[in-house]
Structures are given as structure tokens and as C-alpha cells.
file my_file_6.cif (mmCIF, C-alpha atoms)
data_work
loop_
_atom_site.label_atom_id
_atom_site.label_comp_id
_atom_site.auth_asym_id
_atom_site.auth_seq_id
_atom_site.Cartn_x
_atom_site.Cartn_y
_atom_site.Cartn_z
CA MET L 1 16.03 -24.28 -1.63
CA SER L 2 12.65 -24.90 -0.06
CA GLU L 3 9.67 -26.97 -1.06
CA VAL L 4 6.85 -24.53 -1.74
CA SER L 5 3.25 -25.74 -1.94
CA MET L 6 0.14 -23.78 -2.81
CA VAL L 7 -3.14 -24.13 -4.67
CA VAL L 8 -2.96 -22.61 -8.15
CA ASN L 9 -6.13 -22.41 -10.23
CA GLY L 10 -7.74 -25.00 -7.98
CA ARG L 11 -4.92 -27.51 -8.28
CA GLU L 12 -2.45 -28.36 -5.51
CA VAL L 13 1.06 -27.73 -6.75
CA SER L 14 4.51 -27.76 -5.25
CA GLY L 15 8.06 -27.21 -6.34
CA ALA L 16 11.55 -26.94 -4.90
CA VAL L 17 12.70 -23.36 -5.45
CA GLU L 18 15.26 -20.94 -4.06
CA ASP L 19 13.86 -18.76 -1.30
CA ARG L 20 14.50 -15.68 -3.45
CA THR L 21 12.20 -16.98 -6.21
CA LEU L 22 9.44 -14.52 -7.01
CA LEU L 23 5.89 -15.81 -7.23
CA VAL L 24 5.71 -14.79 -10.90
CA HIS L 25 8.76 -16.89 -11.74
CA PHE L 26 7.36 -19.84 -9.79
CA LEU L 27 4.17 -19.57 -11.85
CA ARG L 28 5.90 -19.09 -15.19
CA GLU L 29 8.98 -21.28 -14.88
CA THR L 30 8.17 -23.98 -12.32
CA LEU L 31 4.52 -24.41 -13.27
CA GLY L 32 4.72 -23.31 -16.93
CA LEU L 33 1.84 -20.86 -16.51
CA THR L 34 3.19 -18.17 -18.81
CA GLY L 35 -0.06 -16.22 -19.03
CA THR L 36 1.13 -14.04 -16.15
CA HIS L 37 3.61 -11.55 -17.58
CA VAL L 38 6.65 -9.68 -16.30
CA GLY L 39 6.48 -6.20 -17.74
CA CYS L 40 8.57 -3.71 -15.79
CA ASP L 41 10.18 -5.81 -13.05
CA THR L 42 10.03 -2.71 -10.84
CA SER L 43 6.54 -3.24 -9.36
CA GLN L 44 4.83 -0.54 -11.37
CA CYS L 45 3.20 -1.98 -14.47
CA GLY L 46 0.82 -4.63 -13.14
CA ALA L 47 1.27 -7.13 -16.01
CA CYS L 48 2.01 -9.72 -13.30
CA VAL L 49 -1.20 -9.26 -11.29
CA VAL L 50 -2.69 -12.50 -9.95
CA HIS L 51 -5.15 -13.17 -7.14
CA LEU L 52 -3.61 -14.28 -3.86
CA ASP L 53 -6.27 -15.58 -1.46
CA GLY L 54 -8.86 -13.68 -3.49
CA LYS L 55 -7.04 -10.37 -3.70
CA ALA L 56 -5.14 -8.81 -6.60
CA VAL L 57 -1.40 -8.60 -5.94
CA LYS L 58 1.70 -7.99 -8.03
CA SER L 59 3.33 -11.41 -8.30
CA CYS L 60 6.67 -9.82 -9.19
CA SER L 61 6.80 -8.28 -5.71
CA VAL L 62 5.86 -11.34 -3.69
CA LEU L 63 8.15 -14.30 -3.03
CA ALA L 64 6.84 -17.75 -3.87
CA ALA L 65 7.67 -18.63 -0.25
CA GLN L 66 5.46 -15.79 0.99
CA ALA L 67 2.58 -17.28 -1.00
CA ALA L 68 3.11 -20.84 0.26
CA GLY L 69 -0.08 -22.29 1.67
CA SER L 70 -2.20 -19.75 -0.19
CA GLU L 71 -4.63 -19.96 -3.07
CA VAL L 72 -3.54 -18.33 -6.29
CA VAL L 73 -5.61 -17.67 -9.38
CA THR L 74 -3.94 -16.67 -12.64
CA ILE L 75 -5.36 -15.66 -16.00
CA GLU L 76 -5.33 -19.34 -16.98
CA GLY L 77 -7.66 -20.21 -14.11
CA LEU L 78 -10.23 -17.49 -14.64
CA ALA L 79 -12.59 -19.17 -17.13
CA PRO L 80 -14.20 -22.29 -15.76
CA GLY L 81 -14.20 -24.13 -19.10
CA ALA L 82 -14.19 -23.35 -22.79
CA ASP L 83 -16.27 -20.19 -22.31
CA LEU L 84 -14.44 -16.97 -21.57
CA HIS L 85 -14.87 -15.24 -18.20
CA PRO L 86 -17.22 -12.24 -18.61
CA VAL L 87 -14.26 -9.86 -18.21
CA GLN L 88 -12.28 -11.70 -20.91
CA ALA L 89 -15.35 -11.64 -23.16
CA ALA L 90 -15.78 -7.89 -22.57
CA PHE L 91 -12.12 -7.20 -23.44
CA LYS L 92 -12.61 -9.14 -26.70
CA GLU L 93 -15.90 -7.42 -27.49
CA ASN L 94 -14.61 -3.91 -26.77
CA HIS L 95 -11.17 -4.43 -28.26
CA GLY L 96 -9.68 -3.75 -24.84
CA LEU L 97 -6.18 -4.62 -25.99
CA GLN L 98 -3.66 -3.64 -28.61
CA CYS L 99 -0.41 -5.61 -28.27
CA GLY L 100 -1.94 -7.65 -25.44
CA PHE L 101 1.08 -7.72 -23.16
CA CYS L 102 -0.60 -5.95 -20.24
CA THR L 103 -3.90 -7.78 -20.77
CA PRO L 104 -3.51 -10.66 -18.26
CA GLY L 105 -2.78 -8.17 -15.49
CA MET L 106 -5.49 -5.79 -16.65
CA ILE L 107 -8.07 -8.59 -16.61
CA MET L 108 -7.02 -9.90 -13.19
CA ALA L 109 -7.10 -6.33 -11.84
CA ALA L 110 -10.51 -5.78 -13.45
CA VAL L 111 -12.02 -8.92 -11.88
CA ASP L 112 -10.71 -7.83 -8.46
CA MET L 113 -12.03 -4.29 -9.01
CA ILE L 114 -15.50 -5.55 -9.98
CA ASN L 115 -15.57 -7.89 -6.96
CA ARG L 116 -14.74 -4.98 -4.64
CA HIS L 117 -17.46 -2.77 -6.11
CA PRO L 118 -20.66 -4.83 -5.91
CA GLY L 119 -22.69 -1.62 -6.32
CA GLY L 120 -21.23 -1.07 -9.79
CA LEU L 121 -18.49 1.08 -11.30
CA ASP L 122 -18.25 4.40 -13.07
CA GLU L 123 -15.58 5.60 -15.46
CA LYS L 124 -13.82 7.76 -12.88
CA THR L 125 -13.55 4.88 -10.42
CA VAL L 126 -12.27 2.48 -13.08
CA ARG L 127 -9.58 4.95 -14.17
CA ALA L 128 -8.48 5.55 -10.58
CA GLU L 129 -8.50 1.83 -9.81
CA LEU L 130 -6.25 1.16 -12.82
CA GLU L 131 -3.49 3.16 -11.19
CA GLY L 132 -1.37 0.02 -10.74
CA ASN L 133 -1.67 -1.21 -14.34
CA ILE L 134 0.17 0.35 -17.23
CA CYS L 135 -0.70 -0.16 -20.92
CA ARG L 136 2.27 0.97 -22.97
CA CYS L 137 0.12 1.02 -26.12
CA THR L 138 -1.89 3.61 -24.13
CA GLY L 139 -5.06 1.75 -25.01
CA TYR L 140 -6.81 2.74 -21.80
CA HIS L 141 -10.02 3.98 -23.36
CA ASN L 142 -11.20 0.58 -24.57
CA ILE L 143 -9.89 -1.12 -21.43
CA VAL L 144 -12.09 1.18 -19.34
CA LYS L 145 -15.04 0.51 -21.68
CA ALA L 146 -14.47 -3.25 -21.39
CA ILE L 147 -14.36 -3.15 -17.58
CA LEU L 148 -17.54 -1.07 -17.39
CA ALA L 149 -19.28 -3.46 -19.79
CA ALA L 150 -18.09 -6.51 -17.83
CA SER L 151 -19.21 -4.96 -14.56
CA GLU L 152 -22.71 -4.46 -15.96
CA ALA L 153 -22.86 -7.90 -17.53
CA MET L 154 -21.78 -9.56 -14.29
CA ALA L 155 -24.32 -7.57 -12.24
CA LYS L 156 -27.07 -8.60 -14.67
CA SER L 157 -26.17 -12.28 -14.60
CA LYS L 158 -26.09 -12.13 -10.79
CA LYS L 159 -29.60 -10.68 -10.75
CA ALA L 160 -30.81 -13.33 -13.20
CA ALA L 161 -29.33 -16.08 -11.01
CA MET B 1 18.09 -10.53 -6.07
CA TYR B 2 20.84 -12.04 -3.95
CA GLN B 3 20.24 -15.31 -2.10
CA THR B 4 18.22 -15.12 1.07
CA ASN B 5 16.65 -17.52 3.56
CA TYR B 6 12.94 -17.21 4.16
CA HIS B 7 11.35 -17.92 7.56
CA ARG B 8 7.70 -17.64 8.46
CA ALA B 9 7.00 -16.68 12.07
CA SER B 10 3.73 -17.53 13.77
CA SER B 11 4.32 -15.33 16.82
CA VAL B 12 6.15 -12.11 17.63
CA ASP B 13 8.49 -13.93 20.02
CA GLU B 14 9.33 -16.52 17.38
CA ALA B 15 10.06 -13.73 14.89
CA ALA B 16 12.38 -11.93 17.32
CA GLY B 17 14.18 -15.22 18.02
CA LEU B 18 14.61 -15.95 14.31
CA LEU B 19 16.12 -12.53 13.72
CA LYS B 20 18.60 -13.00 16.55
CA LYS B 21 19.81 -16.24 14.97
CA ALA B 22 20.26 -14.65 11.54
CA ASP B 23 23.50 -13.12 10.25
CA ASP B 24 21.93 -10.05 8.77
CA GLY B 25 18.21 -10.64 8.95
CA LYS B 26 15.30 -8.38 8.22
CA PHE B 27 11.64 -8.51 9.10
CA VAL B 28 9.29 -8.48 6.12
CA SER B 29 5.62 -7.62 6.40
CA GLY B 30 3.82 -6.88 3.11
CA GLY B 31 7.20 -6.48 1.44
CA MET B 32 6.02 -3.81 -0.97
CA THR B 33 9.20 -1.80 -0.41
CA LEU B 34 11.61 -4.48 0.76
CA ILE B 35 11.08 -7.03 -2.05
CA PRO B 36 11.50 -4.43 -4.84
CA ALA B 37 14.58 -3.08 -3.00
CA MET B 38 16.01 -6.61 -2.84
CA LYS B 39 15.32 -7.10 -6.55
CA GLN B 40 17.40 -4.01 -7.26
CA ARG B 41 20.07 -5.27 -4.85
CA LEU B 42 19.63 -2.15 -2.75
CA ALA B 43 18.92 -4.52 0.14
CA ALA B 44 20.41 -7.96 0.62
CA PRO B 45 19.34 -9.47 3.95
CA SER B 46 20.72 -12.95 4.66
CA ASP B 47 17.37 -13.91 6.15
CA LEU B 48 13.80 -12.71 5.80
CA ILE B 49 11.45 -13.19 8.73
CA ASP B 50 7.86 -12.96 7.54
CA LEU B 51 5.47 -11.26 10.00
CA ARG B 52 2.43 -11.33 7.73
CA HIS B 53 0.95 -14.51 9.19
CA ILE B 54 1.10 -13.52 12.87
CA LYS B 55 -2.55 -13.33 13.91
CA ASP B 56 -1.92 -11.03 16.91
CA LEU B 57 -0.68 -8.32 14.58
CA LYS B 58 -3.85 -8.08 12.50
CA GLY B 59 -6.99 -6.01 12.78
CA VAL B 60 -8.40 -2.62 13.75
CA LYS B 61 -9.95 -2.01 17.17
CA VAL B 62 -12.02 1.07 17.85
CA SER B 63 -13.41 1.79 21.31
CA GLY B 64 -14.92 5.24 21.65
CA LYS B 65 -12.21 7.55 20.36
CA SER B 66 -9.43 5.10 21.04
CA VAL B 67 -8.03 3.38 17.93
CA THR B 68 -5.54 0.51 17.74
CA ILE B 69 -4.37 -0.80 14.38
CA GLY B 70 -2.40 -4.05 14.33
CA ALA B 71 0.92 -3.72 12.54
CA ALA B 72 0.15 -6.39 9.93
CA THR B 73 -3.11 -4.74 8.92
CA THR B 74 -2.98 -3.97 5.20
CA HIS B 75 -3.66 -0.55 3.71
CA ALA B 76 -6.77 -2.01 2.05
CA GLU B 77 -8.05 -3.22 5.43
CA VAL B 78 -7.44 0.17 7.06
CA ALA B 79 -9.09 1.94 4.10
CA SER B 80 -12.24 -0.18 4.30
CA ASN B 81 -12.68 -0.43 8.07
CA ALA B 82 -16.18 0.83 8.89
CA ASP B 83 -15.50 1.49 12.60
CA LEU B 84 -12.42 3.55 11.82
CA ALA B 85 -14.31 5.47 9.13
CA LYS B 86 -16.78 6.63 11.79
CA VAL B 87 -14.20 8.15 14.15
CA CYS B 88 -11.27 9.01 11.86
CA PRO B 89 -12.24 8.98 8.16
CA ALA B 90 -9.03 10.81 7.20
CA MET B 91 -7.02 7.71 8.14
CA CYS B 92 -9.16 5.58 5.79
CA HIS B 93 -8.77 8.20 3.05
CA LEU B 94 -5.00 8.21 3.53
CA ALA B 95 -4.76 4.41 3.40
CA ALA B 96 -6.99 4.29 0.32
CA HIS B 97 -4.49 6.42 -1.61
CA ILE B 98 -1.23 4.62 -0.83
CA GLY B 99 0.34 3.02 -3.92
CA ASP B 100 -2.23 1.19 -6.03
CA PRO B 101 -4.94 -1.39 -5.26
CA HIS B 102 -2.56 -4.35 -5.58
CA VAL B 103 0.06 -2.76 -3.33
CA ARG B 104 -2.65 -1.94 -0.78
CA HIS B 105 -3.59 -5.63 -0.59
CA MET B 106 -0.08 -6.52 0.62
CA GLY B 107 1.47 -3.43 2.21
CA THR B 108 0.93 -2.95 5.94
CA ILE B 109 0.88 -0.02 8.34
CA GLY B 110 3.60 -1.57 10.50
CA GLY B 111 5.88 -2.10 7.52
CA SER B 112 5.33 1.42 6.25
CA VAL B 113 5.99 2.97 9.65
CA ALA B 114 9.11 0.87 10.32
CA ASN B 115 10.50 1.72 6.87
CA ASN B 116 9.88 5.47 7.35
CA ASP B 117 10.22 6.38 3.70
CA PRO B 118 10.45 10.19 3.61
CA ALA B 119 7.59 10.23 1.09
CA ALA B 120 5.34 7.68 2.82
CA ASP B 121 1.89 8.80 3.99
CA TYR B 122 1.44 7.15 7.39
CA PRO B 123 4.31 8.98 9.19
CA ALA B 124 2.50 12.30 8.69
CA ALA B 125 -0.70 10.88 10.18
CA LEU B 126 1.09 9.38 13.17
CA LEU B 127 2.93 12.59 13.95
CA ALA B 128 -0.14 14.82 13.63
CA LEU B 129 -2.29 12.40 15.65
CA ASP B 130 0.32 12.13 18.41
CA ALA B 131 0.11 8.36 17.90
CA THR B 132 1.97 5.72 19.85
CA VAL B 133 4.04 3.08 18.11
CA VAL B 134 3.69 -0.10 20.14
CA THR B 135 6.52 -2.62 19.80
CA ASN B 136 7.40 -5.97 21.36
CA GLN B 137 9.66 -4.06 23.75
CA ARG B 138 8.04 -0.72 24.58
CA GLU B 139 5.77 2.12 23.50
CA ILE B 140 7.28 4.97 21.51
CA ALA B 141 5.63 8.35 20.88
CA ALA B 142 5.50 9.17 17.15
CA ALA B 143 7.46 12.37 17.88
CA ASP B 144 10.37 10.22 19.10
CA PHE B 145 9.94 7.41 16.61
CA PHE B 146 10.73 9.00 13.23
CA THR B 147 14.37 10.01 13.48
CA GLY B 148 15.42 10.71 9.87
CA LEU B 149 15.33 9.43 6.29
CA PHE B 150 14.46 5.71 6.53
CA GLU B 151 15.56 5.95 10.19
CA THR B 152 13.48 5.15 13.25
CA ALA B 153 14.00 4.62 16.97
CA LEU B 154 13.55 0.85 16.50
CA ASN B 155 16.28 -1.49 17.73
CA GLU B 156 17.48 -4.26 15.41
CA ASP B 157 15.30 -6.95 16.94
CA GLU B 158 12.35 -4.70 17.77
CA ILE B 159 9.04 -5.35 16.01
CA VAL B 160 6.24 -2.84 15.59
CA THR B 161 3.12 -4.63 16.85
CA ALA B 162 0.48 -1.89 16.69
CA ILE B 163 -0.24 1.78 16.19
CA SER B 164 -2.58 3.46 18.66
CA PHE B 165 -4.06 6.94 18.87
CA ASN B 166 -7.09 8.85 20.02
CA ALA B 167 -9.21 10.10 17.15
CA PRO B 168 -9.16 13.92 17.16
CA ASP B 169 -12.24 16.14 16.84
CA LYS B 170 -11.36 16.75 13.21
CA CYS B 171 -8.59 15.69 10.89
CA GLY B 172 -7.75 15.63 7.20
CA TYR B 173 -5.01 14.58 4.80
CA ALA B 174 -4.09 15.88 1.36
CA LYS B 175 -1.12 15.00 -0.81
CA PHE B 176 0.33 16.03 -4.11
CA PRO B 177 1.40 12.72 -5.62
CA ASN B 178 4.38 12.55 -7.91
CA PRO B 179 2.77 11.99 -11.31
CA ALA B 180 5.02 8.99 -12.04
CA SER B 181 5.68 7.23 -8.73
CA ARG B 182 2.52 8.46 -6.95
CA TYR B 183 4.57 8.91 -3.77
CA ALA B 184 3.75 12.12 -1.93
CA MET B 185 5.83 15.01 -3.26
CA THR B 186 4.26 16.83 -0.35
CA GLY B 187 1.51 15.55 1.93
CA VAL B 188 0.02 17.32 4.94
CA PHE B 189 -2.01 15.75 7.75
CA VAL B 190 -3.85 18.19 10.00
CA ALA B 191 -5.59 17.29 13.26
CA SER B 192 -7.61 19.52 15.56
CA SER B 193 -8.57 18.63 19.10
CA GLY B 194 -9.29 20.41 22.36
CA GLY B 195 -5.53 20.47 22.88
CA GLY B 196 -4.83 22.44 19.72
CA VAL B 197 -3.82 21.88 16.13
CA LYS B 198 -1.08 19.66 14.77
CA ALA B 199 0.08 19.66 11.16
CA ALA B 200 2.64 17.13 9.91
CA VAL B 201 4.31 17.17 6.53
CA THR B 202 5.65 14.21 4.55
CA GLY B 203 7.48 14.06 1.23
CA ALA B 204 9.02 17.50 1.63
CA GLY B 205 11.46 17.57 4.54
CA ASP B 206 15.14 16.88 3.93
CA ASP B 207 15.18 14.87 7.16
CA GLY B 208 11.84 13.14 6.76
CA VAL B 209 8.46 13.87 8.28
CA PHE B 210 8.13 17.04 10.41
CA ARG B 211 5.55 19.34 12.00
CA SER B 212 5.08 22.74 10.42
CA SER B 213 4.99 25.47 13.06
CA GLU B 214 3.88 28.03 10.45
CA VAL B 215 0.82 25.98 9.49
CA GLU B 216 0.04 25.08 13.10
CA SER B 217 0.13 28.63 14.41
CA ALA B 218 -2.11 29.89 11.59
CA LEU B 219 -4.63 27.08 12.09
CA SER B 220 -4.59 27.49 15.89
CA LYS B 221 -6.16 30.92 15.40
CA SER B 222 -8.85 29.52 13.13
CA PHE B 223 -9.15 25.97 11.83
CA ASP B 224 -10.14 27.10 8.38
CA ALA B 225 -8.43 27.01 4.99
CA ALA B 226 -8.70 30.82 4.77
CA ALA B 227 -6.48 31.11 7.86
CA LEU B 228 -3.62 29.90 5.66
CA ASP B 229 -3.98 32.72 3.12
CA GLY B 230 -0.69 34.55 2.90
CA VAL B 231 1.12 32.09 5.17
CA SER B 232 4.54 31.12 3.90
CA VAL B 233 6.64 28.17 4.97
CA SER B 234 10.42 28.31 5.12
CA ALA B 235 12.12 26.29 2.36
CA GLY B 236 15.30 26.05 4.42
CA SER B 237 15.04 22.41 5.45
CA LEU B 238 13.00 21.13 2.51
CA MET B 239 14.12 18.73 -0.20
CA SER B 240 15.16 19.77 -3.68
CA ASP B 241 15.32 17.07 -6.34
CA ILE B 242 14.53 16.53 -10.02
CA HIS B 243 10.83 16.56 -9.23
CA ALA B 244 10.56 19.81 -7.32
CA SER B 245 12.67 22.53 -5.74
CA ALA B 246 12.51 23.33 -2.04
CA ASP B 247 10.62 26.55 -2.83
CA TYR B 248 8.04 24.64 -4.84
CA ARG B 249 7.58 22.20 -1.97
CA ALA B 250 7.29 25.06 0.53
CA ASN B 251 4.38 26.39 -1.48
CA LEU B 252 2.88 22.90 -1.73
CA VAL B 253 2.91 22.59 2.08
CA VAL B 254 0.52 25.53 2.33
CA VAL B 255 -1.65 24.36 -0.58
CA MET B 256 -1.92 20.80 0.75
CA ALA B 257 -2.57 22.10 4.28
CA LYS B 258 -5.50 24.14 2.91
CA ARG B 259 -6.92 21.07 1.16
CA ALA B 260 -6.41 18.93 4.27
CA VAL B 261 -8.26 21.47 6.45
CA ALA B 262 -11.07 21.72 3.91
CA ALA B 263 -11.36 17.92 3.96
CA ALA B 264 -11.31 17.89 7.78
CA ASN B 265 -14.10 20.46 7.90
CA GLY B 266 -16.04 18.34 5.38
#
call {"tool": "encode", "arguments": {"input": "my_file_6.cif", "output": "C-alpha cells"}}
result
Amino acid sequence: MSEVSMVVNGREVSGAVEDRTLLVHFLRETLGLTGTHVGCDTSQCGACVVHLDGKAVKSCSVLAAQAAGSEVVTIEGLAPGADLHPVQAAFKENHGLQCGFCTPGMIMAAVDMINRHPGGLDEKTVRAELEGNICRCTGYHNIVKAILAASEAMAKSKKAA
Amino acid sequence: MYQTNYHRASSVDEAAGLLKKADDGKFVSGGMTLIPAMKQRLAAPSDLIDLRHIKDLKGVKVSGKSVTIGAATTHAEVASNADLAKVCPAMCHLAAHIGDPHVRHMGTIGGSVANNDPAADYPAALLALDATVVTNQREIAAADFFTGLFETALNEDEIVTAISFNAPDKCGYAKFPNPASRYAMTGVFVASSGGGVKAAVTGAGDDGVFRSSEVESALSKSFDAAALDGVSVSAGSLMSDIHASADYRANLVVVMAKRAVAAANG
């Protein structure tokens, strides 16, 4: 057992966990943040994607101990208040989900993708960038539409600001 | 996953010391292979020594044609390095197509090279570029480093600290990714310099990465995709598995080599 401390969604947290504890289990079980999902458990599906020091990672393939001292953002920490994050709003608007299981990971991956492409996105890029996220409802079409819409909306609000 | 003890090293010497003290320790860098392998209980090290926070192991240095990539540099960092893109864009292209974006944020060149997965991308680049694997104990030529499936010349307590090479006049990489795992079912890295042509193949050999003499001799005559028309590669030492037969892979070597040369010639 080790005491693991990190900043999650802007809040300093710590917990005593076994060294083999995965980051996703630390988030879900120690902190009760069950928005981050475990889909495949074999590092392929991306339902567990969170941001570690500003970058999208698969939290089922990172130990909590590896993330100690880092900043983590989960789906729960994305929207600053009652209003949805633009990517969440775009998924709602474009019906970018069917069963919703992959959605937290899709949205965290989408925010990371949009951040890494300040010049904007096209459909081909979005589809290639979604390589690490699987939607078993196969609802990719509206997910891609939602990400493109969010990318445009975020670029516009940046210009306005 | 079985129990393990996690240690974070802040220097290479500290990491080597921690491993010596451990029963059955392992170094972990990005962990994108090791952690999933531990989850499946295919690996069960008593101790994990984390190299990811050692500052000396990070970053890409380019000076003229000379390139040094720190072992803890992530695939995403290699892919997006502007200096490297100027002298050796094929390396950036290769790094940009390993795994998926989330894996590329964690996985490192040192980890990939030390793991020597027979379907990993970097070993082909290192072999074709005649790269040097720098460790905390010595420098090892790529040709001597990759010794078999998941086997390298590394000693137990030896840590890869950097990869260095001279950028060739031209180079290119093309792979045929497995549609499910996205690992290379066959990938070919070609490099052309004053000293000749080297072509290294990953994902296809039954003993890991290797240089293809058939491809090299054809491209030595003319570094052009057309030079590979009619060239056939022996399937004798290639892998056969549920994804592809050795014959299929032999054909893929030529097809990927053509694409790699076309990419190199831009």
C-alpha cells in the first residue's frame, strides 16, 4: 500500500491504495468518480480516457502510482459549472451517443483532439484520431459530426473572446 | 494483476540501484505494453521502477544531421518535433502511427526499443538507420541490439538512455497495420545515403526485425519504387499466423517497401 496524491478536477486528493491499483480504479472506487468507464480492460476501447497533465491517456493502462503528483481531469471535471462543455453540448445536439457507455472516453478524446488541432479538424482527421476509441453501438457517424461541430464552435468562441 | 511494488526513480543511477535491490524487478517507461501484460498476468514483476520522470532521458536533439532522442521521449513528442521533421520526417511519420493518440502520449521510444515486440515500428527504423542504442553502460549498434522475439542485447540492470543516428539523405516508412490490433503485420523502413540503401522489415520475420537483402539489392541499383517490380522475397523465415501466411507477408514486404520508397522520394 502507498499513499497516492494527485490533483483531480482541480481538487487535491489522496488515498492509500495497493501499488497495482490502476488509475481508473483509483478514480472510480477510491474517489467515487464513476463517469470514467472500464470497457474492454485490454487497453483498446478508450472508454477510460482521462487527461493526465493535459494529455489524453487510457486510465486502465496507467497505475495510480504512476499518476501521483500529476493533474488529472475526468469527464466530471470538464464543465466548469452547470453549463455543459462545448464538446458535451455538441454530443447532445448531434445525438453523438447511443447506449452512452463509450461517451466519457469519446468526449475526453475529442477535447484532447480539438486542443491538438488549433487550425481546425476535418472528417478524415477526426476518424483517424478516433482510432483509440471504440463505440460498440457503431455510432461513429454522429460522434464524428459532434466533434466537428464542437471544434467549430470552440474556434468561434475563441475568436469572439 | 499480481501484487507489485512501485518505485519512482529520479535518476538513471537511482533506477539501476533500485532494480538491483529488487527480487524480480522491471523498468517501466510509458508502460503501454508492460501494464497491459501485467493485467493479463503475462508479466508479474515484484517491483516496477518508473523511468518516466527522469529528466535526463527526455527530449530530441538535432544538430545538423545528427539526431539524439532521449529514451523517455513519448511517441507523440517524436511525432511532433519540428527539428526532427526537417531532417528525418519519416521518423515523425512512424511515431505518429504507433498505437493510438492516447497510447502515443504515454509510450516511449526507449520502452518500445527495449521491449522489441516483433511487430513494433521503431526497431525497423533503428536497423535501417544504423542507429546506436545508448545505455547507462555502453553503446550498442542496432544490428547487435535486436536479438530475437522480445529479446535484446540489454543486461538485466541496463537502461536504454537514448537513441542516436545520422539522418540519411532520404528515408521512408510504410506499414500494413493489422485491422484489429493496428500492429504492423509488415512494416518496411528504407533509408538511402551515400553509403548505400538499407531496408529493414518489422512484423514479418519469425525472429523479429531483419534487413531484406532482396529489397536492398534492388533499391541499390535505383532508389525508386519501380526498381522493386518483379522482386520477390523469400518466405522461408517469415511468420505465419491467423492473420497472414508467410507467403502473404513476403508479398507485403515488397508492397510496403515500394510505398516506403515512394514516401522517401516525396
call {"tool": "closest_residue", "arguments": {"input": "my_file_6.cif", "among": "B:Ala200, B:Val255, B:Ile98, B:Leu129", "to": "chain L", "atoms": "all atoms listed in the file"}}
result
B:Ile98
call {"tool": "interface_residues", "arguments": {"input": "my_file_6.cif", "of": "chain L", "to": "chain B", "cutoff": "9 Å", "atoms": "only C-alpha atoms", "output": "VMD selection string"}}
result
chain L and resid 1 to 2 18 to 21 41 to 44 46 49 55 to 58 60 to 63 65 to 66 109 113 128 to 133
call {"tool": "write_last_selection", "arguments": {"input": "my_file_6.cif", "atoms": "C-alpha atoms", "output": "mmCIF file, keeping the file's coordinate frame"}}
result
data_model
loop_
_atom_site.group_PDB
_atom_site.id
_atom_site.type_symbol
_atom_site.label_atom_id
_atom_site.label_comp_id
_atom_site.auth_asym_id
_atom_site.auth_seq_id
_atom_site.Cartn_x
_atom_site.Cartn_y
_atom_site.Cartn_z
ATOM 1 C CA MET L 1 16.030 -24.280 -1.630
ATOM 2 C CA SER L 2 12.650 -24.900 -0.060
ATOM 3 C CA GLU L 18 15.260 -20.940 -4.060
ATOM 4 C CA ASP L 19 13.860 -18.760 -1.300
ATOM 5 C CA ARG L 20 14.500 -15.680 -3.450
ATOM 6 C CA THR L 21 12.200 -16.980 -6.210
ATOM 7 C CA ASP L 41 10.180 -5.810 -13.050
ATOM 8 C CA THR L 42 10.030 -2.710 -10.840
ATOM 9 C CA SER L 43 6.540 -3.240 -9.360
ATOM 10 C CA GLN L 44 4.830 -0.540 -11.370
ATOM 11 C CA GLY L 46 0.820 -4.630 -13.140
ATOM 12 C CA VAL L 49 -1.200 -9.260 -11.290
ATOM 13 C CA LYS L 55 -7.040 -10.370 -3.700
ATOM 14 C CA ALA L 56 -5.140 -8.810 -6.600
ATOM 15 C CA VAL L 57 -1.400 -8.600 -5.940
ATOM 16 C CA LYS L 58 1.700 -7.990 -8.030
ATOM 17 C CA CYS L 60 6.670 -9.820 -9.190
ATOM 18 C CA SER L 61 6.800 -8.280 -5.710
ATOM 19 C CA VAL L 62 5.860 -11.340 -3.690
ATOM 20 C CA LEU L 63 8.150 -14.300 -3.030
ATOM 21 C CA ALA L 65 7.670 -18.630 -0.250
ATOM 22 C CA GLN L 66 5.460 -15.790 0.990
ATOM 23 C CA ALA L 109 -7.100 -6.330 -11.840
ATOM 24 C CA MET L 113 -12.030 -4.290 -9.010
ATOM 25 C CA ALA L 128 -8.480 5.550 -10.580
ATOM 26 C CA GLU L 129 -8.500 1.830 -9.810
ATOM 27 C CA LEU L 130 -6.250 1.160 -12.820
ATOM 28 C CA GLU L 131 -3.490 3.160 -11.190
ATOM 29 C CA GLY L 132 -1.370 0.020 -10.740
ATOM 30 C CA ASN L 133 -1.670 -1.210 -14.340
#
call {"tool": "resolve_selection", "arguments": {"input": "my_file_6.cif", "expression": "the PyMOL selection byres ((chain L and resi 28-36) around 9)", "output": "list in words"}}
result
Val13, Ser14, Gly15, Ala16, Val17, Leu23, Val24, His25, Phe26, Leu27, His37, Val38, Ala47, Cys48, Val49, Val50, Ser59, Thr74, Ile75, Glu76, Pro104 and Gly105 of chain L
call {"tool": "residues_around", "arguments": {"input": "my_file_6.cif", "residues": "Val73 (chain L)", "least_positions_apart": "6", "cutoff": "9 Å", "atoms": "only C-alpha atoms", "output": "PyMOL selection string"}}
result
chain L and resi 7-10+50-54+108
call {"tool": "atom_distance", "arguments": {"input": "my_file_6.cif", "atom1": "CA of Ser151 (chain L)", "atom2": "CA of Phe91 (chain L)"}}
result
11.6 Å
call {"tool": "atom_distance", "arguments": {"input": "my_file_6.cif", "atom1": "CA of Ile147 (chain L)", "atom2": "CA of His117 (chain L)"}}
result
11.9 Å
call {"tool": "closest_residue", "arguments": {"input": "my_file_6.cif", "among": "B:Lys198, B:Lys258, B:Lys26, B:Lys20", "to": "Ala227 (chain B)", "atoms": "all atoms listed in the file"}}
result
B:Lys258
call {"tool": "resolve_selection", "arguments": {"input": "my_file_6.cif", "expression": "the PyMOL selection byres ((chain L and resi 145) around 12)", "output": "list in words"}}
result
Val87, Ala90, Phe91, Lys92, Glu93, Asn94, His95, Gly96, Leu97, Ala110, Leu121, Asp122, Glu123, Lys124, Val126, Arg127, Gly139, Tyr140, His141, Asn142, Ile143, Val144, Ala146, Ile147, Leu148, Ala149, Ala150, Ser151 and Glu152 of chain L
call {"tool": "resolve_selection", "arguments": {"input": "my_file_6.cif", "expression": "the PyMOL selection byres ((chain B and resi 126) around 10)", "output": "list in words"}}
result
Met91, Val113, Asp121, Tyr122, Pro123, Ala124, Ala125, Leu127, Ala128, Leu129, Asp130, Ala131, Thr132, Val133, Ala141, Ala142, Ala143, Phe145, Phe146, Ile163, Ser164, Phe165, Phe189, Ala200 and Val209 of chain B
call {"tool": "atom_distance", "arguments": {"input": "my_file_6.cif", "atom1": "CA of Phe150 (chain B)", "atom2": "CA of Ser240 (chain B)"}}
result
17.4 Å
call {"tool": "residues_around", "arguments": {"input": "my_file_6.cif", "residues": "Ala226 (chain B)", "least_positions_apart": "2", "cutoff": "12 Å", "atoms": "only C-alpha atoms", "output": "list in words"}}
result
Val215, Ala218, Leu219, Lys221, Ser222, Phe223, Asp224, Leu228, Asp229, Gly230, Val231, Val254, Val255, Ala257, Lys258, Arg259, Val261 and Ala262 of chain B
call {"tool": "residues_near_point", "arguments": {"input": "my_file_6.cif", "point": "(-9.1, 16.6, 3.7)", "cutoff": "8 Å", "atoms": "only C-alpha atoms", "output": "list in words"}}
result
Ala90, Cys171, Gly172, Tyr173, Ala174, Arg259, Ala260, Val261, Ala262, Ala263, Ala264, Asn265 and Gly266 of chain B
call {"tool": "residues_near_point", "arguments": {"input": "my_file_6.cif", "point": "(19.9, -13.1, 14.6)", "cutoff": "12 Å", "atoms": "all atoms listed in the file", "output": "PyMOL selection string"}}
result
chain B and resi 14-27+45-49+156-158
